[in-house]
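Report on one structure; see the data block that follows.
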Amino acid sequence: MTEERLFLRSDTIIEPLVDRFYAQLYTTAPVTGTMNLAFRQMPMLESYLQTPDWHFAGSRDPRFRGGFFVGIQEQRKDEVEALLAAIRRDRADMIRFAEAIAEAEKIVREEATGYDLRPLYPKLPPELAGLVEVTYDTGNQASLHFLEPLAYRSKAYTEDRQSVQLSVETGIERPFVMSTPRLPSPDVLELDIPFRHPGIEELFRSRIRPTTLAALREALELGDAEAAHLSRLLVAEPGLAAGRHVTAGARIRYWGHACLLLQTPEVSILTDPFISADTGATNRYTYDDLPDHIDYVLITHGHSDHLVTETLLQLRGRVGTFVVPRSSRGNLCDPSLALFLKCLGFPVIEVDDFDEVDFPGGKIVATPFFGEHADLDIRAKSTYWIRLGGKSVYVGADSSGLDPVLYRYVRRHLGRVDIAFLGMECDGAPMNWKYQPLFTQQIPKKMSDTRKLSGSNAEQASAIVTELGAEEVYIYAMGEESWLGHVMATSYNEDSYQLQQIAEFEEWCSRKGVKSGHLLNQAEWHWS
């Protein structure tokens with residue numbers, strides 16, 4: 001083994017997998033993970049095996065972008081069949097756990113009629129013993145309450161599911177992450193290691209600190225063939241950008257989608273990290289532009305375009321603290337972001353509305369987040385008010401202006417906002433697209449279509465800005481950047497309702513004297 005000091009290539013990407021499906025919060029956390037496996041991923045593989053040509057064609061058809069089509073060619077059908085057989089064999093406990101949840105919910109629906117719940121416990125499936133409590137709300141509606149920390153220690157969660165693939169960013173859109181499992185490829189380095197494996201931290205730290213192939217081989221526990229493959233991901237010189245740090249004043253950089261980097265010489269704060277590794281492209285920041293250390297990473301909510309596991313794993317060892325909203329604890333559709341991140345090996349603090357995190361020269365305040373979750377009772381969502389360099393910045397993410405009075409309370413408590421960032425995906429995906437595996441009773445399509453993952457429209461965004469008193473407001477790109485199509489699977493044209501609403505909002509801003517912009521790819525703001 002050579003002792004040459006080397007760096008990880010800037011365009012290296014990692015895809016974290018659970019049973020070869022792209023890992024997200026809802027497919028990895030134990031309760032939702034079992035239900036996604038049993039009630040979405042397995043049926044999807046079964047459907048593919050019946051009509052592989054139909055699935056592959058559907059995955060390539062722009063009309064069905066974001067649909068649940070397995071994009072694997074028919075000649076690899078045997079590999080998919082083997083994957084499904086392995087899941088049935090190796091994940092039998094997880095599958096049974098998901099089935100037990102469906103059985104338990106049926107019992108609760110039929111037998112929890114407002115009277116004493118104690119007789120129900122002996123009837124619950126044994127797989128849930130010690131992991132659920134049955135409770136009523138004050139409307140006398142009963143539901144299961146999951147003890148999620150214990151579920152991480154049960155048969156519903158195993159790190160044996162986890163693996164990673166390492167490769168080089170090609171600029172070609174990857175298969176949609178909610179539908180197509182990742183099969184082995186000659187161009188991909190397969191590592192059967194859990195996401196919290198210390199070798200992953202060592203690997204991605206070598207973007208900023210040189211190491212040797214021998215050291216990485218030992219850290220990642222590689223054989224000869226794997227080490228030879230890894231050597232192709234190492235280079236003699238780093239690609240780090242000279243302007244990645246701030247020496248005076250304050251700066252905000254927009255990295256695409258909902259990702260912002262706020263910096264002063266004393267602190268760096270990154271929001272909803274989703275970062276391109278395509279260093280050959282123009283008009284975007286990449287991993288090369290990140291500061292060597294990030295003091296805080298703020299996560300607004302757990303959707304896969306805001307809590308992006310593949311990006312987060314590349315930040316291992318470079319983040320001081322993750323700040324995440326507290327979940328409702330036990331609600332099936334509201335998995336804990338903190339528990340998930342801790343199992344990935346990250347330092348985390350949870351915040352409730354108006355909790356504060358102080359840092360030199362400013363503070364982060366968690367603020368309420370309305371809507372965008374298909375009317376489900378999901379509490380693990382937060383916007384943030386950040387005081388930095390003498391200015392107040394509101395990070396609104398996808399929060400909807402359902403009730404503008406909320407933002408009046410924010411202003412009364414924290415003061416007027418100088419710069420606001422908002423999401424305006426005002427005609428989002430229907431509820432079943434994201435949450436269908438979690439429902440143990442069928443939700444009619446007509447009902448699902450009325451309950452969307454939508455942010456603010458023009459009227460709501462205008463009300464938010466009015467109540468916050470913002471002097472400047474910027475709208476995130478809504479999956480418009482080409483490099484995140486494998487996660488977003490969005491398509492717009494000039495007639496799209498969302499773009500029309502953004503244009504209407506910008507016209508309103510112009511009339512009111514509010515500086516505004518519709519962001520795309522990258523932007524930068526400085527002040528002293």
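Chain identifiers are assigned as A, B, and so on, following the order in which chains appear in the structure tokens; residues are numbered from 1 within each chain, and ligands are numbered from 1 in order of appearance.
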
**Report entry** Long-range neighbours of stretch 22-30 of chain A as a PyMOL selection string, 10 Å cut-off, only C-alpha atoms, 5 positions minimum in chain
**Finding:** chain A and resi 15-17+35-37+41+94+97-98+148-159+161-164+175-182+195+302-305+307-310+333-337+339-341+343+434-435+437-438+487

With a cut-off of 9 Å, could you pull out the residues of stretch 335-408 of chain A touching stretch 448-452 of chain A and give me the nearest pair of atoms for each, distance in Å to one decimal, using only C-alpha atoms, ordered by chain and ascending number, as a tab-separated table?
residue	atom	partner	partner_atom	distance
A:Glu372	CA	A:Lys452	CA	7.0
A:His373	CA	A:Lys452	CA	7.1
A:Ala374	CA	A:Arg451	CA	4.7
A:Asp375	CA	A:Arg451	CA	6.5

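The list of residues with at least one atom within 12 Å of A:Pro347, based on only C-alpha atoms and without residues fewer than 4 positions apart in the same chain, reads Arg196, Asp295, Tyr296, Val297, Leu312, Leu315, Arg316, Gly317, Arg318, Val319, Gly320, Thr321, Phe322, Val323, Val324, Leu337, Ala338, Leu339, Phe340, Leu341, Lys342 and Cys343 of chain A.
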
Requested in this report: Enumerate, as a ChimeraX atom specification, the complete set of residues in stretch 60-307 of chain A that a backbone-based DSSP assignment places in alpha helix (DSSP H).
Outcome: /A:60,77-90,92-111,148-151,198-205,213-220,224-231

At most 6 Å is the cut-off: for each residue in stretch 247-346 of chain A with any atom that close to an atom of stretch 382-390 of chain A, write down the nearest atom pair and the distance in Å rounded to one decimal, counting only C-alpha atoms, chain first then increasing number, as CSV.
residue,atom,partner,partner_atom,distance
A:Ala250,CA,A:Gly389,CA,5.4
A:Thr300,CA,A:Ser382,CA,4.9
A:Pro325,CA,A:Ser382,CA,5.6

Requested in this report: Extract, using only C-alpha atoms, all DNA, RNA and protein residues at most 9 Å from A:Ala258, discarding same-chain residues fewer than 5 positions from it, and format them as number ranges by chain.
Outcome: A: 271-274, 305-306, 395, 397-398, 421-423, 476-478

Could the residues in this selection be written to a file with N, CA, C and O atoms, as an mmCIF file, in the first residue's frame?
data_model
loop_
_atom_site.group_PDB
_atom_site.id
_atom_site.type_symbol
_atom_site.label_atom_id
_atom_site.label_comp_id
_atom_site.auth_asym_id
_atom_site.auth_seq_id
_atom_site.Cartn_x
_atom_site.Cartn_y
_atom_site.Cartn_z
ATOM 1 N N THR A 271 -28.676 25.139 6.411
ATOM 2 C CA THR A 271 -30.066 24.722 6.546
ATOM 3 C C THR A 271 -30.400 23.671 5.495
ATOM 4 O O THR A 271 -30.010 23.796 4.337
ATOM 5 N N ASP A 272 -31.132 22.637 5.907
ATOM 6 C CA ASP A 272 -31.637 21.584 5.021
ATOM 7 C C ASP A 272 -30.628 21.212 3.933
ATOM 8 O O ASP A 272 -30.880 21.382 2.732
ATOM 9 N N PRO A 273 -29.478 20.668 4.304
ATOM 10 C CA PRO A 273 -28.410 20.434 3.319
ATOM 11 C C PRO A 273 -28.824 19.471 2.203
ATOM 12 O O PRO A 273 -29.237 18.344 2.447
ATOM 13 N N PHE A 274 -28.709 19.964 0.986
ATOM 14 C CA PHE A 274 -28.945 19.162 -0.223
ATOM 15 C C PHE A 274 -27.979 19.744 -1.249
ATOM 16 O O PHE A 274 -28.235 20.792 -1.825
ATOM 17 N N ASP A 305 -36.484 15.729 0.637
ATOM 18 C CA ASP A 305 -35.752 16.813 -0.018
ATOM 19 C C ASP A 305 -35.233 17.836 0.988
ATOM 20 O O ASP A 305 -34.617 18.837 0.590
ATOM 21 N N HIS A 306 -35.447 17.596 2.283
ATOM 22 C CA HIS A 306 -34.957 18.490 3.333
ATOM 23 C C HIS A 306 -34.069 17.755 4.326
ATOM 24 O O HIS A 306 -33.149 18.348 4.886
ATOM 25 N N VAL A 395 -36.051 31.642 8.005
ATOM 26 C CA VAL A 395 -35.928 30.466 7.147
ATOM 27 C C VAL A 395 -37.275 29.745 7.192
ATOM 28 O O VAL A 395 -37.559 28.983 8.115
ATOM 29 N N ALA A 397 -38.776 27.633 4.959
ATOM 30 C CA ALA A 397 -38.938 26.306 4.355
ATOM 31 C C ALA A 397 -40.258 26.228 3.603
ATOM 32 O O ALA A 397 -40.603 27.135 2.849
ATOM 33 N N ASP A 398 -41.018 25.141 3.821
ATOM 34 C CA ASP A 398 -42.269 24.920 3.094
ATOM 35 C C ASP A 398 -43.492 25.306 3.906
ATOM 36 O O ASP A 398 -44.613 24.918 3.571
ATOM 37 N N PHE A 421 -36.889 33.760 3.612
ATOM 38 C CA PHE A 421 -36.808 32.736 2.575
ATOM 39 C C PHE A 421 -38.025 31.831 2.730
ATOM 40 O O PHE A 421 -38.290 31.297 3.816
ATOM 41 N N LEU A 422 -38.758 31.645 1.629
ATOM 42 C CA LEU A 422 -40.002 30.883 1.672
ATOM 43 C C LEU A 422 -40.033 29.834 0.564
ATOM 44 O O LEU A 422 -39.414 30.012 -0.488
ATOM 45 N N GLY A 423 -40.807 28.768 0.796
ATOM 46 C CA GLY A 423 -41.104 27.793 -0.249
ATOM 47 C C GLY A 423 -42.503 28.033 -0.784
ATOM 48 O O GLY A 423 -43.419 28.318 -0.024
ATOM 49 N N TYR A 476 -37.516 29.814 -2.696
ATOM 50 C CA TYR A 476 -36.681 28.685 -3.067
ATOM 51 C C TYR A 476 -37.073 28.137 -4.434
ATOM 52 O O TYR A 476 -38.242 28.163 -4.827
ATOM 53 N N ALA A 477 -36.116 27.603 -5.133
ATOM 54 C CA ALA A 477 -36.431 26.771 -6.294
ATOM 55 C C ALA A 477 -37.189 25.536 -5.811
ATOM 56 O O ALA A 477 -36.914 25.009 -4.736
ATOM 57 N N MET A 478 -38.138 25.075 -6.593
ATOM 58 C CA MET A 478 -39.037 23.997 -6.169
ATOM 59 C C MET A 478 -38.694 22.690 -6.879
ATOM 60 O O MET A 478 -39.508 22.118 -7.598
#

**Report entry** Residue among A:Val267, A:Leu131, A:Val80, A:Leu484 lying closest to A:Leu183, counting only C-alpha atoms
**Finding:**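 Among A:Val267, A:Leu131, A:Val80, A:Leu484, it is A:Val80 that comes nearest to A:Leu183.
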
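Note that atom CA of A:Phe359 and atom CA of A:Glu472 are 24.1 Å apart.
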
Query raised in the report: If we count only C-alpha atoms, what is near A:Ser143 at a cut-off of 10 Å, once residues fewer than 2 positions away on the same chain are taken out, given as a VMD selection string?
Result: chain A and resid 104 to 105 108 to 109 112 132 to 137 140 to 141 145 to 146 331 to 332
